[in-house]
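Undergrad: Contents of start09.cif (mmCIF, C-alpha atoms) are below:
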```cif
data_coords
loop_
_atom_site.label_atom_id
_atom_site.label_comp_id
_atom_site.auth_asym_id
_atom_site.auth_seq_id
_atom_site.Cartn_x
_atom_site.Cartn_y
_atom_site.Cartn_z
CA MET A 1 0.87 -12.32 -3.18
CA ASP A 2 4.18 -10.58 -2.93
CA GLU A 3 6.48 -8.99 -0.40
CA ILE A 4 7.72 -5.46 -0.12
CA PRO A 5 10.96 -4.70 -2.05
CA ARG A 6 13.82 -5.48 0.32
CA ASP A 7 16.19 -3.11 -1.48
CA GLN A 8 14.02 -0.27 -0.20
CA LEU A 9 14.12 -1.44 3.41
CA SER A 10 16.61 -1.23 6.20
CA GLY A 11 17.42 -3.10 9.36
CA ALA A 12 15.65 -6.31 10.27
CA LEU A 13 13.23 -6.13 7.33
CA ARG A 14 16.07 -6.81 4.90
CA ARG A 15 16.57 -10.31 6.27
CA GLY A 16 15.66 -12.92 3.71
CA GLU A 17 14.48 -15.69 6.03
CA VAL A 18 11.38 -15.84 8.14
CA LYS A 19 11.95 -16.75 11.77
CA LYS A 20 9.98 -19.62 13.24
CA HIS A 21 8.31 -17.34 15.76
CA VAL A 22 6.47 -15.37 13.11
CA ALA A 23 3.50 -13.24 13.95
CA ALA A 24 0.07 -14.76 13.85
CA ILE A 25 -2.63 -12.38 12.63
CA HIS A 26 -5.95 -14.08 13.14
CA VAL A 27 -9.02 -12.70 11.43
CA SER A 28 -12.48 -13.89 12.38
CA GLY A 29 -13.64 -16.56 9.97
CA LYS A 30 -17.23 -15.32 9.98
CA LEU A 31 -16.59 -13.37 6.81
CA THR A 32 -18.45 -14.63 3.76
CA LEU A 33 -16.43 -15.85 0.79
CA LEU A 34 -17.07 -12.58 -1.04
CA GLN A 35 -16.15 -10.50 2.01
CA ARG A 36 -12.91 -12.42 2.35
CA LYS A 37 -12.13 -11.83 -1.33
CA LEU A 38 -13.04 -8.15 -0.91
CA SER A 39 -10.59 -7.88 1.99
CA ASN A 40 -7.79 -9.29 -0.13
CA VAL A 41 -8.50 -7.04 -3.11
CA LEU A 42 -8.52 -3.96 -0.89
CA LEU A 43 -5.23 -5.02 0.70
CA LEU A 44 -3.60 -5.65 -2.67
CA ASN A 45 -4.77 -2.27 -3.93
CA ALA A 46 -3.36 -0.46 -0.88
CA TYR A 47 -0.22 -2.53 -0.30
CA ASP A 48 2.39 -0.27 -1.91
CA THR A 49 1.24 2.74 0.13
CA LEU A 50 0.05 1.06 3.34
CA ILE A 51 2.55 3.00 5.44
CA SER A 52 2.95 6.18 3.44
CA ARG A 53 -0.77 6.94 3.02
CA SER A 54 -3.51 6.96 5.63
CA ARG A 55 -6.32 6.57 3.09
CA HIS A 56 -6.68 4.44 -0.04
CA GLN A 57 -9.03 4.54 -3.00
CA ILE A 58 -10.26 2.14 -5.66
CA ASP A 59 -12.85 2.47 -8.39
CA ALA A 60 -16.05 0.91 -6.99
CA ARG A 61 -16.98 -0.63 -10.33
CA THR A 62 -13.60 -2.32 -10.58
CA LEU A 63 -13.84 -3.48 -6.98
CA CYS A 64 -17.23 -5.09 -7.59
CA LEU A 65 -15.97 -6.82 -10.71
CA MET A 66 -12.87 -8.20 -9.01
CA ILE A 67 -14.88 -9.90 -6.29
CA GLY A 68 -17.78 -11.10 -8.42
CA TYR A 69 -20.44 -8.59 -7.49
CA ASN A 70 -22.87 -7.05 -9.92
CA SER A 71 -21.34 -3.61 -10.49
CA ASN A 72 -24.74 -2.00 -9.82
CA ASP A 73 -25.31 -3.81 -6.54
CA MET A 74 -24.08 -1.10 -4.22
CA ASP A 75 -26.20 -2.33 -1.31
CA THR A 76 -24.35 -5.65 -1.22
CA LEU A 77 -21.01 -3.85 -1.46
CA LYS A 78 -22.00 -1.56 1.43
CA GLN A 79 -23.00 -4.56 3.51
CA SER A 80 -19.68 -6.27 2.83
CA LEU A 81 -17.66 -3.16 3.69
CA ARG A 82 -19.65 -2.82 6.89
CA GLY A 83 -18.77 -6.41 7.72
CA LEU A 84 -15.05 -5.71 7.28
CA ALA A 85 -15.27 -2.65 9.54
CA GLU A 86 -16.96 -4.81 12.19
CA THR A 87 -14.45 -7.65 11.91
CA VAL A 88 -11.62 -7.90 14.41
CA ALA A 89 -8.02 -8.75 13.52
CA GLU A 90 -5.90 -9.96 16.43
CA TRP A 91 -2.16 -10.59 16.58
CA ASP A 92 0.12 -12.21 19.12
CA MET A 93 3.80 -12.15 18.22
CA LEU A 94 7.40 -11.82 19.25
CA ASP A 95 9.16 -8.66 18.12
CA GLU A 96 12.79 -8.50 16.99
CA LYS A 97 13.95 -8.31 20.63
CA GLY A 98 11.92 -11.33 21.65
CA GLN A 99 9.30 -9.30 23.51
CA GLN A 100 5.70 -10.47 23.30
CA GLU A 101 3.25 -8.16 21.55
CA TRP A 102 -0.51 -8.57 21.50
CA GLY A 103 -2.84 -6.27 19.59
CA VAL A 104 -6.34 -6.00 18.22
CA SER A 105 -7.85 -3.80 15.52
CA SER A 106 -10.87 -3.63 13.26
CA LEU A 107 -10.01 -4.92 9.80
CA LEU A 108 -10.95 -1.55 8.26
CA SER A 109 -11.00 1.61 10.33
CA TYR A 110 -13.54 3.14 7.92
CA ALA A 111 -14.88 2.87 4.39
CA LYS A 112 -17.03 5.17 2.28
CA LEU A 113 -18.48 5.27 -1.23
CA LYS A 114 -18.70 8.58 -3.05
CA GLY A 115 -18.78 9.46 -6.72
CA GLY A 116 -18.11 5.90 -7.82
CA ILE A 117 -14.99 5.66 -5.63
CA CYS A 118 -14.48 3.46 -2.60
CA GLU A 119 -12.25 5.12 0.00
CA TYR A 120 -11.03 3.16 3.01
CA ALA A 121 -8.32 3.01 5.66
CA TYR A 122 -6.55 0.67 8.07
CA SER A 123 -5.54 1.52 11.60
CA PRO A 124 -1.84 2.50 11.72
CA ALA A 125 -0.98 -0.49 13.92
CA LEU A 126 -2.66 -3.01 11.61
CA ALA A 127 -1.23 -1.37 8.48
CA GLU A 128 2.25 -1.80 9.91
CA LYS A 129 1.65 -5.52 10.46
CA LEU A 130 0.04 -6.10 7.07
CA HIS A 131 2.92 -4.36 5.31
CA ASP A 132 5.58 -6.58 6.88
CA PRO A 133 6.14 -9.67 4.69
CA LYS A 134 7.45 -11.58 7.73
CA VAL A 135 4.07 -11.12 9.37
CA PHE A 136 1.46 -11.38 6.67
CA ALA A 137 1.35 -12.93 3.21
CA LEU A 138 -0.66 -11.25 0.50
CA ILE A 139 -2.93 -13.69 -1.27
CA ASN A 140 -2.57 -14.12 -5.03
CA LEU A 141 -5.86 -13.07 -6.60
CA ASN A 142 -5.45 -15.60 -9.39
CA ILE A 143 -5.53 -18.32 -6.74
CA GLN A 144 -8.22 -16.62 -4.67
CA ARG A 145 -10.65 -16.57 -7.61
CA ARG A 146 -10.59 -20.35 -7.76
CA PHE A 147 -12.00 -20.87 -4.29
CA THR A 148 -15.69 -21.70 -3.97
CA SER A 149 -15.75 -22.21 -0.19
CA GLY A 150 -15.19 -19.54 2.43
CA HIS A 151 -13.86 -22.16 4.85
CA ALA A 152 -11.28 -23.32 2.29
CA LEU A 153 -10.12 -19.77 1.58
CA ALA A 154 -9.92 -19.07 5.32
CA LEU A 155 -7.81 -22.21 5.82
CA TYR A 156 -5.56 -21.23 2.90
CA GLU A 157 -5.00 -17.72 4.23
CA ASN A 158 -4.15 -18.97 7.71
CA CYS A 159 -1.77 -21.64 6.40
CA TYR A 160 -0.10 -19.77 3.56
CA ARG A 161 1.93 -17.40 5.69
CA PHE A 162 3.60 -20.41 7.35
CA VAL A 163 4.69 -22.05 4.09
CA ARG A 164 8.37 -21.33 4.77
CA THR A 165 8.26 -22.79 8.26
CA GLY A 166 6.41 -25.89 7.05
CA SER A 167 3.75 -25.91 9.76
CA THR A 168 1.16 -23.67 11.38
CA GLY A 169 2.11 -24.89 14.82
CA TRP A 170 -0.49 -26.29 17.19
CA TRP A 171 -3.81 -24.44 17.35
CA PRO A 172 -6.30 -25.13 20.15
CA LEU A 173 -9.55 -26.30 18.57
CA ASP A 174 -11.35 -23.26 19.98
CA LEU A 175 -9.00 -21.01 17.98
CA PHE A 176 -9.39 -23.12 14.86
CA ARG A 177 -13.18 -22.94 15.10
CA ARG A 178 -12.92 -19.16 15.40
CA LEU A 179 -10.68 -18.94 12.33
CA MET A 180 -13.20 -21.00 10.38
CA GLY A 181 -16.11 -18.90 11.64
CA VAL A 182 -17.96 -21.71 13.40
CA GLU A 183 -17.32 -20.85 17.04
CA GLY A 184 -20.46 -20.88 19.13
CA SER A 185 -21.98 -23.71 17.10
CA THR A 186 -22.85 -26.70 19.30
CA TYR A 187 -22.81 -28.92 16.20
CA TYR A 188 -19.12 -28.22 15.57
CA GLU A 189 -18.18 -28.72 19.21
CA THR A 190 -18.00 -32.39 18.24
CA PHE A 191 -14.72 -33.04 16.42
CA LYS A 192 -16.33 -35.71 14.25
CA HIS A 193 -18.66 -33.10 12.75
CA LEU A 194 -15.93 -30.45 12.52
CA ASN A 195 -13.67 -32.87 10.69
CA ALA A 196 -16.33 -34.15 8.27
CA LYS A 197 -17.95 -30.83 7.37
CA ILE A 198 -15.13 -28.27 7.72
CA ILE A 199 -11.62 -29.76 7.85
CA LYS A 200 -11.77 -32.47 5.18
CA PRO A 201 -13.61 -30.41 2.52
CA ALA A 202 -11.42 -27.34 3.14
CA VAL A 203 -8.19 -29.35 2.97
CA ALA A 204 -9.34 -31.02 -0.26
CA GLU A 205 -10.11 -27.67 -1.93
CA VAL A 206 -6.86 -26.03 -0.76
CA ASN A 207 -4.81 -28.94 -2.13
CA LYS A 208 -6.71 -28.96 -5.42
CA THR A 209 -6.94 -25.21 -5.92
CA SER A 210 -3.92 -23.48 -4.45
CA ASN A 211 -0.14 -23.34 -4.60
CA ILE A 212 0.30 -25.21 -1.29
CA LEU A 213 -0.51 -28.67 0.01
CA VAL A 214 -1.73 -28.99 3.60
CA THR A 215 -1.98 -32.04 5.83
CA PRO A 216 -3.89 -31.87 9.13
CA GLU A 217 -2.52 -33.47 12.31
CA THR A 218 -4.30 -33.66 15.64
CA ARG A 219 -3.28 -33.98 19.26
CA LYS A 220 -5.42 -35.54 21.97
CA GLN A 221 -5.88 -35.47 25.70
CA GLY A 222 -7.09 -38.97 26.43
CA ARG A 223 -9.55 -39.75 23.68
CA VAL A 224 -10.54 -36.15 23.01
CA VAL A 225 -8.95 -34.11 20.20
CA THR A 226 -7.82 -30.79 21.67
CA GLU A 227 -5.39 -29.29 19.12
CA ILE A 228 -4.78 -29.26 15.38
CA ARG A 229 -1.95 -28.18 13.16
CA PHE A 230 -1.34 -28.25 9.42
CA ARG A 231 1.83 -29.41 7.72
CA ILE A 232 2.47 -27.25 4.66
CA LYS A 233 4.53 -27.67 1.51
CA GLU A 234 4.47 -26.09 -1.92
CA ASN A 235 2.21 -27.58 -4.53
CA PRO A 236 4.58 -28.32 -7.43
CA GLN A 237 1.70 -28.12 -9.92
CA LEU A 238 0.77 -24.56 -8.94
CA ALA A 239 3.97 -23.17 -7.42
CA ILE A 240 4.36 -20.73 -10.33
CA LEU A 241 1.40 -18.82 -8.92
CA ASP A 242 3.24 -18.18 -5.65
CA MET A 243 3.87 -14.46 -5.80
CA ASP A 244 5.14 -14.14 -2.24
CA ASP A 245 8.54 -15.75 -2.74
CA GLY A 246 10.53 -13.95 -5.39
CA GLU A 247 13.98 -15.29 -4.62
CA GLY A 248 14.07 -17.54 -7.70
CA VAL A 249 13.16 -14.97 -10.33
CA ARG A 250 15.50 -12.41 -8.79
CA HIS A 251 18.45 -14.37 -10.15
CA GLY A 252 17.18 -14.33 -13.74
CA ALA A 253 18.46 -12.20 -16.61
CA VAL A 254 14.99 -10.88 -17.46
CA TYR A 255 14.46 -9.72 -13.88
CA ALA A 256 17.83 -7.92 -14.00
CA ARG A 257 16.83 -6.13 -17.23
CA LEU A 258 13.56 -5.01 -15.68
CA ARG A 259 15.32 -3.62 -12.62
CA GLU A 260 17.86 -1.79 -14.79
CA MET A 261 14.97 -0.19 -16.65
CA GLY A 262 13.61 1.10 -13.34
CA VAL A 263 10.82 -1.42 -12.70
CA SER A 264 10.21 -2.01 -8.98
CA ASP A 265 11.05 -5.36 -7.41
CA ARG A 266 7.41 -6.10 -6.67
CA LEU A 267 6.18 -5.24 -10.18
CA ALA A 268 9.02 -7.14 -11.87
CA ARG A 269 8.14 -10.32 -9.95
CA GLN A 270 4.45 -9.81 -10.60
CA TRP A 271 5.01 -9.52 -14.36
CA LEU A 272 7.30 -12.56 -14.47
CA ALA A 273 4.82 -14.68 -12.54
CA SER A 274 1.81 -13.49 -14.53
CA HIS A 275 3.27 -13.49 -18.04
CA GLY A 276 6.31 -15.77 -17.88
CA GLU A 277 9.93 -14.91 -18.69
CA GLU A 278 9.59 -15.56 -22.41
CA GLN A 279 6.73 -13.13 -22.93
CA VAL A 280 8.29 -10.44 -20.70
CA GLN A 281 11.58 -10.77 -22.59
CA GLU A 282 9.75 -10.47 -25.92
CA LYS A 283 8.01 -7.27 -24.80
CA LEU A 284 11.28 -5.94 -23.36
CA ASP A 285 13.03 -6.46 -26.69
CA TYR A 286 10.17 -4.77 -28.49
CA VAL A 287 9.99 -1.74 -26.17
CA GLU A 288 13.77 -1.23 -26.14
CA SER A 289 13.76 -1.23 -29.95
CA ARG A 290 11.31 1.67 -30.13
CA LYS A 291 12.58 5.19 -30.70
CA ASN A 292 11.53 8.40 -28.98
CA VAL A 293 9.79 6.63 -26.08
CA LYS A 294 9.50 9.06 -23.17
CA SER A 295 8.77 6.45 -20.50
CA MET A 296 10.17 2.99 -21.13
CA VAL A 297 8.53 1.59 -17.99
CA GLY A 298 5.17 3.09 -18.91
CA TYR A 299 5.39 1.75 -22.45
CA LEU A 300 6.38 -1.70 -21.16
CA THR A 301 3.46 -1.64 -18.73
CA ALA A 302 1.05 -0.96 -21.59
CA ALA A 303 2.74 -3.62 -23.72
CA LEU A 304 2.29 -6.28 -21.03
CA GLU A 305 -1.05 -5.32 -19.56
CA GLY A 306 -2.51 -4.42 -22.94
CA ASN A 307 -0.85 -7.50 -24.44
CA PHE A 308 0.65 -5.73 -27.43
CA THR A 309 1.50 -8.11 -30.23
CA VAL A 310 5.05 -7.59 -31.44
CA MET A 311 4.76 -7.07 -35.16
CA PRO A 312 7.69 -7.54 -37.52
CA GLU A 313 9.29 -4.49 -39.05
CA PRO A 314 8.49 -2.52 -41.05
CA GLU A 315 5.32 -1.41 -39.38
CA VAL A 316 2.46 -0.07 -41.43
CA PRO A 317 1.47 3.29 -39.97
CA ALA A 318 -2.16 3.60 -38.99
CA PRO A 319 -4.27 6.48 -40.26
CA SER A 320 -3.74 9.53 -38.09
CA GLY A 321 -7.27 9.56 -36.64
CA ARG A 322 -7.13 5.94 -35.59
CA ALA A 323 -3.59 6.38 -34.29
CA GLU A 324 -4.69 9.23 -32.03
CA ARG A 325 -7.66 7.21 -30.83
CA LEU A 326 -5.42 4.28 -29.99
CA ARG A 327 -2.91 6.54 -28.26
CA ARG A 328 -5.61 7.98 -25.99
CA ILE A 329 -6.98 4.54 -25.16
CA LEU A 330 -3.52 3.17 -24.31
CA ASP A 331 -2.82 6.23 -22.16
CA ALA A 332 -6.09 5.53 -20.30
CA VAL A 333 -5.01 1.90 -19.84
CA LYS A 334 -1.63 2.94 -18.43
CA ALA A 335 -3.32 5.31 -15.96
CA ARG A 336 -5.21 2.42 -14.37
CA THR A 337 -3.80 0.28 -11.55
CA PRO A 338 -2.87 -3.36 -12.30
CA THR A 339 -6.01 -4.49 -10.48
CA GLN A 340 -8.18 -2.14 -12.51
CA ARG A 341 -6.52 -3.14 -15.80
CA ASP A 342 -7.23 -6.79 -15.13
CA ALA A 343 -10.85 -5.98 -14.32
CA ASP A 344 -11.22 -3.82 -17.45
CA LYS A 345 -9.99 -6.62 -19.70
CA ARG A 346 -12.28 -9.18 -18.11
CA LEU A 347 -15.25 -6.80 -18.27
CA PHE A 348 -14.71 -6.11 -21.99
CA ALA A 349 -14.06 -9.77 -22.83
CA GLY A 350 -17.32 -10.67 -21.10
CA GLN A 351 -19.16 -8.57 -23.67
CA LEU A 352 -17.74 -10.53 -26.62
CA PHE A 353 -20.02 -13.42 -27.53
CA ASP A 354 -18.37 -14.25 -30.85
CA SER A 355 -15.45 -16.68 -30.37
CA ARG A 356 -13.55 -15.03 -33.24
CA LEU A 357 -13.74 -11.64 -31.52
CA ARG A 358 -12.73 -13.10 -28.15
CA GLU A 359 -9.72 -14.86 -29.67
CA ASP A 360 -8.60 -11.67 -31.40
CA PHE A 361 -8.87 -9.73 -28.14
CA GLU A 362 -6.95 -12.41 -26.24
CA LYS A 363 -4.21 -12.22 -28.85
CA HIS A 364 -3.96 -8.46 -29.38
CA GLY A 365 -5.48 -6.93 -26.24
CA TRP A 366 -6.62 -3.34 -26.61
CA MET A 367 -4.94 -3.22 -30.05
CA SER A 368 -7.33 -5.88 -31.38
CA PRO A 369 -8.17 -4.87 -34.97
CA LEU A 370 -11.44 -6.83 -35.07
CA ASN A 371 -12.68 -5.11 -31.92
CA SER A 372 -11.43 -1.59 -32.53
CA THR A 373 -14.89 -0.04 -32.72
CA ARG A 374 -16.13 -1.93 -29.65
CA ILE A 375 -12.97 -0.96 -27.75
CA ALA A 376 -13.50 2.70 -28.59
CA LEU A 377 -17.11 2.54 -27.40
CA PHE A 378 -16.05 0.73 -24.23
CA TRP A 379 -13.42 3.32 -23.29
CA GLU A 380 -15.66 6.23 -24.19
CA GLU A 381 -18.15 4.79 -21.70
CA MET A 382 -15.42 4.18 -19.11
CA SER A 383 -13.96 7.68 -19.52
CA PRO A 384 -16.54 10.05 -21.04
CA GLY A 385 -14.87 12.59 -23.28
CA LEU A 386 -11.74 10.47 -23.76
CA LEU A 387 -12.16 10.45 -27.54
CA ALA A 388 -13.69 13.90 -27.87
CA GLY A 389 -12.70 15.77 -31.02
CA LEU A 390 -11.96 12.66 -33.08
CA GLU A 391 -14.30 12.41 -36.03
CA ASP A 392 -13.91 8.65 -36.35
CA ALA A 393 -13.66 8.00 -32.63
CA THR A 394 -16.11 5.13 -32.64
CA VAL A 395 -16.76 4.61 -36.34
CA GLU A 396 -14.68 2.55 -38.74
#
```
Before anything else, please render the file you have as C-alpha cells.

TA:
Amino acid sequence: MDEIPRDQLSGALRRGEVKKHVAAIHVSGKLTLLQRKLSNVLLLNAYDTLISRSRHQIDARTLCLMIGYNSNDMDTLKQSLRGLAETVAEWDMLDEKGQQEWGVSSLLSYAKLKGGICEYAYSPALAEKLHDPKVFALINLNIQRRFTSGHALALYENCYRFVRTGSTGWWPLDLFRRLMGVEGSTYYETFKHLNAKIIKPAVAEVNKTSNILVTPETRKQGRVVTEIRFRIKENPQLAILDMDDGEGVRHGAVYARLREMGVSDRLARQWLASHGEEQVQEKLDYVESRKNVKSMVGYLTAALEGNFTVMPEPEVPAPSGRAERLRRILDAVKARTPTQRDADKRLFAGQLFDSRLREDFEKHGWMSPLNSTRIALFWEEMSPGLLAGLEDATVE
C-alpha cells in the first residue's frame, strides 16, 4: 500500500530502486479470504510503528467492519486471529552483503481481545522484514476489498511485490501450490486441474480487479510442467490505486505543500492517491485561509477524512450549542486512525436508507446538515458521554 518515508531512513534503505534479488516472504495460502484481508488490515494498522512498538492495538468493531465481519461475531474473529497465529511466514533472501538469509516465523506472535480492543504483535524478525519496502509490499485496502476469491488475493499479494522487477521468477509447482493453499491435494497434483481451477480464475480476477496485470508462463521437463512464473506490469486502468510507488506524486506542487505543512511522506501520498490532487489542493487552500488554527495538519486531516465542503465567505456562524457539538464530533473524528475513520464513515452510511440523506453525507461528510441529528446519535453511541452537557446534543 505504501512504503516507509525514505527521508526518515539511512543507509541502504534510502535507495530508490529495488534490486532483482529481493526477499521472498511466502505465507501459507491456506488462509481464508477473510483471514487474508484481516492480516492486511492488521499490518496496515501497525505499519508506522512496526519497529518502534512491540504491541499494536485496533478497535475490534472497526476491525470487523473493515474485513466484512458482523461486528458482534467475536467467535469468528477469534477463529481468524487463531488462524493467523498458527500460520507460518517463511523468507529466503539475500542481504545487502549478498549473504543468504532464511527465516521462519508465525504470522502473529500473539493476539488478544479485551474491552473491545484487539491487541496483537509480530515477532521482531518478521516485523523487520514487513517494515522494509524492498522486502514486502503493503496491499491497498481499496483494491483488497474488490477480491472475491482467496486464491486471487493470494496470487496478487505474491506477485505485487515484484511489480518493479517485472516477474516473480520461476517457482517450483510445489511452492506455488503451497502459496495457493492447495498443497496436499491429489486433485491439484495434475497441472491440468491446477490450471483450470486455480491459475486461470485467479489470473482473470487479478487482471480485472487490481492495479497490476499478470501473465503466467510455465517451464517443462519433458512433457511435465514443473515450474511457473508470472510476468507483471502495471494495469493502466487502475494504476492510480497503487499506493506503494510514490515517486510520481513526490514531484508535484501539492505534495510539496503538504510536506512543508509537516505532513509525513506516507500520509501525503495516501491522501493524494485517495482524494486526488485537486481535492487535496482545495482543502489545503481552505485550511491555510483559516485563522487561529492550532494544528494545521490536524485540521487538514479532519477536512479530508471528514470531507469538509469548502463554503464561500462569508460563513454564517452556527448557533453556539450546535457549534460545540460539531467541534466535539470533529475532534473525535481526528482522534481516530485513518483505518477507523474509513470504517466509521462506511458504518454510518450503511444506516442511511434514504438516497437524499446518503447523497448529503457523501457531499458534506460529518458536517452533513441533513444528517446532523443522526450524526450526533451515532457519535454518542460510539463515544458515550462525548456530547454530555449539551442541551441540544441530539435534538434539532

Undergrad: Which residues, named as in the file, does the PyMOL selection byres ((chain A and resi 200-207) around 8) pick out? Answer as an MDAnalysis selection string.

TA: chainID A and resid 147 149 151:153 155:156 195:199 208:216 235

Undergrad: What is the distance, in Å and to one decimal place, between CA of Lys345 (chain A) and CA of Asp75 (chain A)?

TA: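 For CA of Lys345 (chain A) relative to CA of Asp75 (chain A), the distance reads 24.9 Å.
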
Undergrad: Just say which residues the PyMOL selection byres ((chain A and resi 88) around 7) picks in this file, as a PyMOL selection string.

TA: chain A and resi 27-28+86-87+89-90+104-107

Undergrad: I'd like the interatomic distance between CA of Asp174 (chain A) and CA of Val224 (chain A), to a tenth of an Å.

TA: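 These atoms are spaced 13.3 Å apart.
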
Undergrad: CA of Asp344 (chain A) and CA of Phe361 (chain A) are how many Å apart?

TA: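 For CA of Asp344 (chain A) relative to CA of Phe361 (chain A), the distance reads 12.4 Å.
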
Undergrad: Place a sphere of radius 10 Å on (-2.6, -3.7, -2.2) in the file coordinates and name every protein, DNA or RNA residue with an atom inside or on its surface, counting all atoms listed in the file; give the answer as a PyMOL selection string.

TA: chain A and resi 1-2+39-50+56+130-131+138+339

Undergrad: For region 328-332 of chain A, please output as a PDB file with C-alpha atoms, in the coordinates of the input all residues within 10 Å (counting only C-alpha atoms; exclusion window: fewer than 6 positions along the same chain).

TA:
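Contents of part.pdb, as written:
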```
ATOM      1  CA  GLY A 298       5.170   3.090 -18.910  1.00  0.00           C
ATOM      2  CA  TYR A 299       5.390   1.750 -22.450  1.00  0.00           C
ATOM      3  CA  ALA A 302       1.050  -0.960 -21.590  1.00  0.00           C
ATOM      4  CA  ALA A 303       2.740  -3.620 -23.720  1.00  0.00           C
ATOM      5  CA  GLY A 306      -2.510  -4.420 -22.940  1.00  0.00           C
ATOM      6  CA  ARG A 322      -7.130   5.940 -35.590  1.00  0.00           C
ATOM      7  CA  ARG A 341      -6.520  -3.140 -15.800  1.00  0.00           C
ATOM      8  CA  TRP A 366      -6.620  -3.340 -26.610  1.00  0.00           C
ATOM      9  CA  MET A 367      -4.940  -3.220 -30.050  1.00  0.00           C
ATOM     10  CA  ILE A 375     -12.970  -0.960 -27.750  1.00  0.00           C
ATOM     11  CA  ALA A 376     -13.500   2.700 -28.590  1.00  0.00           C
ATOM     12  CA  PHE A 378     -16.050   0.730 -24.230  1.00  0.00           C
ATOM     13  CA  TRP A 379     -13.420   3.320 -23.290  1.00  0.00           C
ATOM     14  CA  GLU A 380     -15.660   6.230 -24.190  1.00  0.00           C
ATOM     15  CA  MET A 382     -15.420   4.180 -19.110  1.00  0.00           C
ATOM     16  CA  SER A 383     -13.960   7.680 -19.520  1.00  0.00           C
ATOM     17  CA  LEU A 386     -11.740  10.470 -23.760  1.00  0.00           C
ATOM     18  CA  LEU A 387     -12.160  10.450 -27.540  1.00  0.00           C
TER      19      LEU A 387
END
```

Undergrad: Identify all residues satisfying the PyMOL selection byres ((chain A and resi 346-358) around 12) in the given file; provide them as a PyMOL selection string.

TA: chain A and resi 61-66+68+70-71+305-306+339-345+359-366+368-379+381-382

Undergrad: Would you save the residues of that selection, restricted to C-alpha atoms, as a PDB file, in the coordinates of the input?

TA:
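Below is the file that was written, part.pdb:
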```
ATOM      1  CA  ARG A  61     -16.980  -0.630 -10.330  1.00  0.00           C
ATOM      2  CA  THR A  62     -13.600  -2.320 -10.580  1.00  0.00           C
ATOM      3  CA  LEU A  63     -13.840  -3.480  -6.980  1.00  0.00           C
ATOM      4  CA  CYS A  64     -17.230  -5.090  -7.590  1.00  0.00           C
ATOM      5  CA  LEU A  65     -15.970  -6.820 -10.710  1.00  0.00           C
ATOM      6  CA  MET A  66     -12.870  -8.200  -9.010  1.00  0.00           C
ATOM      7  CA  GLY A  68     -17.780 -11.100  -8.420  1.00  0.00           C
ATOM      8  CA  ASN A  70     -22.870  -7.050  -9.920  1.00  0.00           C
ATOM      9  CA  SER A  71     -21.340  -3.610 -10.490  1.00  0.00           C
ATOM     10  CA  GLU A 305      -1.050  -5.320 -19.560  1.00  0.00           C
ATOM     11  CA  GLY A 306      -2.510  -4.420 -22.940  1.00  0.00           C
ATOM     12  CA  THR A 339      -6.010  -4.490 -10.480  1.00  0.00           C
ATOM     13  CA  GLN A 340      -8.180  -2.140 -12.510  1.00  0.00           C
ATOM     14  CA  ARG A 341      -6.520  -3.140 -15.800  1.00  0.00           C
ATOM     15  CA  ASP A 342      -7.230  -6.790 -15.130  1.00  0.00           C
ATOM     16  CA  ALA A 343     -10.850  -5.980 -14.320  1.00  0.00           C
ATOM     17  CA  ASP A 344     -11.220  -3.820 -17.450  1.00  0.00           C
ATOM     18  CA  LYS A 345      -9.990  -6.620 -19.700  1.00  0.00           C
ATOM     19  CA  GLU A 359      -9.720 -14.860 -29.670  1.00  0.00           C
ATOM     20  CA  ASP A 360      -8.600 -11.670 -31.400  1.00  0.00           C
ATOM     21  CA  PHE A 361      -8.870  -9.730 -28.140  1.00  0.00           C
ATOM     22  CA  GLU A 362      -6.950 -12.410 -26.240  1.00  0.00           C
ATOM     23  CA  LYS A 363      -4.210 -12.220 -28.850  1.00  0.00           C
ATOM     24  CA  HIS A 364      -3.960  -8.460 -29.380  1.00  0.00           C
ATOM     25  CA  GLY A 365      -5.480  -6.930 -26.240  1.00  0.00           C
ATOM     26  CA  TRP A 366      -6.620  -3.340 -26.610  1.00  0.00           C
ATOM     27  CA  SER A 368      -7.330  -5.880 -31.380  1.00  0.00           C
ATOM     28  CA  PRO A 369      -8.170  -4.870 -34.970  1.00  0.00           C
ATOM     29  CA  LEU A 370     -11.440  -6.830 -35.070  1.00  0.00           C
ATOM     30  CA  ASN A 371     -12.680  -5.110 -31.920  1.00  0.00           C
ATOM     31  CA  SER A 372     -11.430  -1.590 -32.530  1.00  0.00           C
ATOM     32  CA  THR A 373     -14.890  -0.040 -32.720  1.00  0.00           C
ATOM     33  CA  ARG A 374     -16.130  -1.930 -29.650  1.00  0.00           C
ATOM     34  CA  ILE A 375     -12.970  -0.960 -27.750  1.00  0.00           C
ATOM     35  CA  ALA A 376     -13.500   2.700 -28.590  1.00  0.00           C
ATOM     36  CA  LEU A 377     -17.110   2.540 -27.400  1.00  0.00           C
ATOM     37  CA  PHE A 378     -16.050   0.730 -24.230  1.00  0.00           C
ATOM     38  CA  TRP A 379     -13.420   3.320 -23.290  1.00  0.00           C
ATOM     39  CA  GLU A 381     -18.150   4.790 -21.700  1.00  0.00           C
ATOM     40  CA  MET A 382     -15.420   4.180 -19.110  1.00  0.00           C
TER      41      MET A 382
END
```

Undergrad: For Ala125 (chain A), which residue among A:Ser264, A:Gln144, A:Ser54, A:Asn158 is the nearest when counting all atoms listed in the file?

TA: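 Under the stated criterion, the closest residue is A:Ser54.
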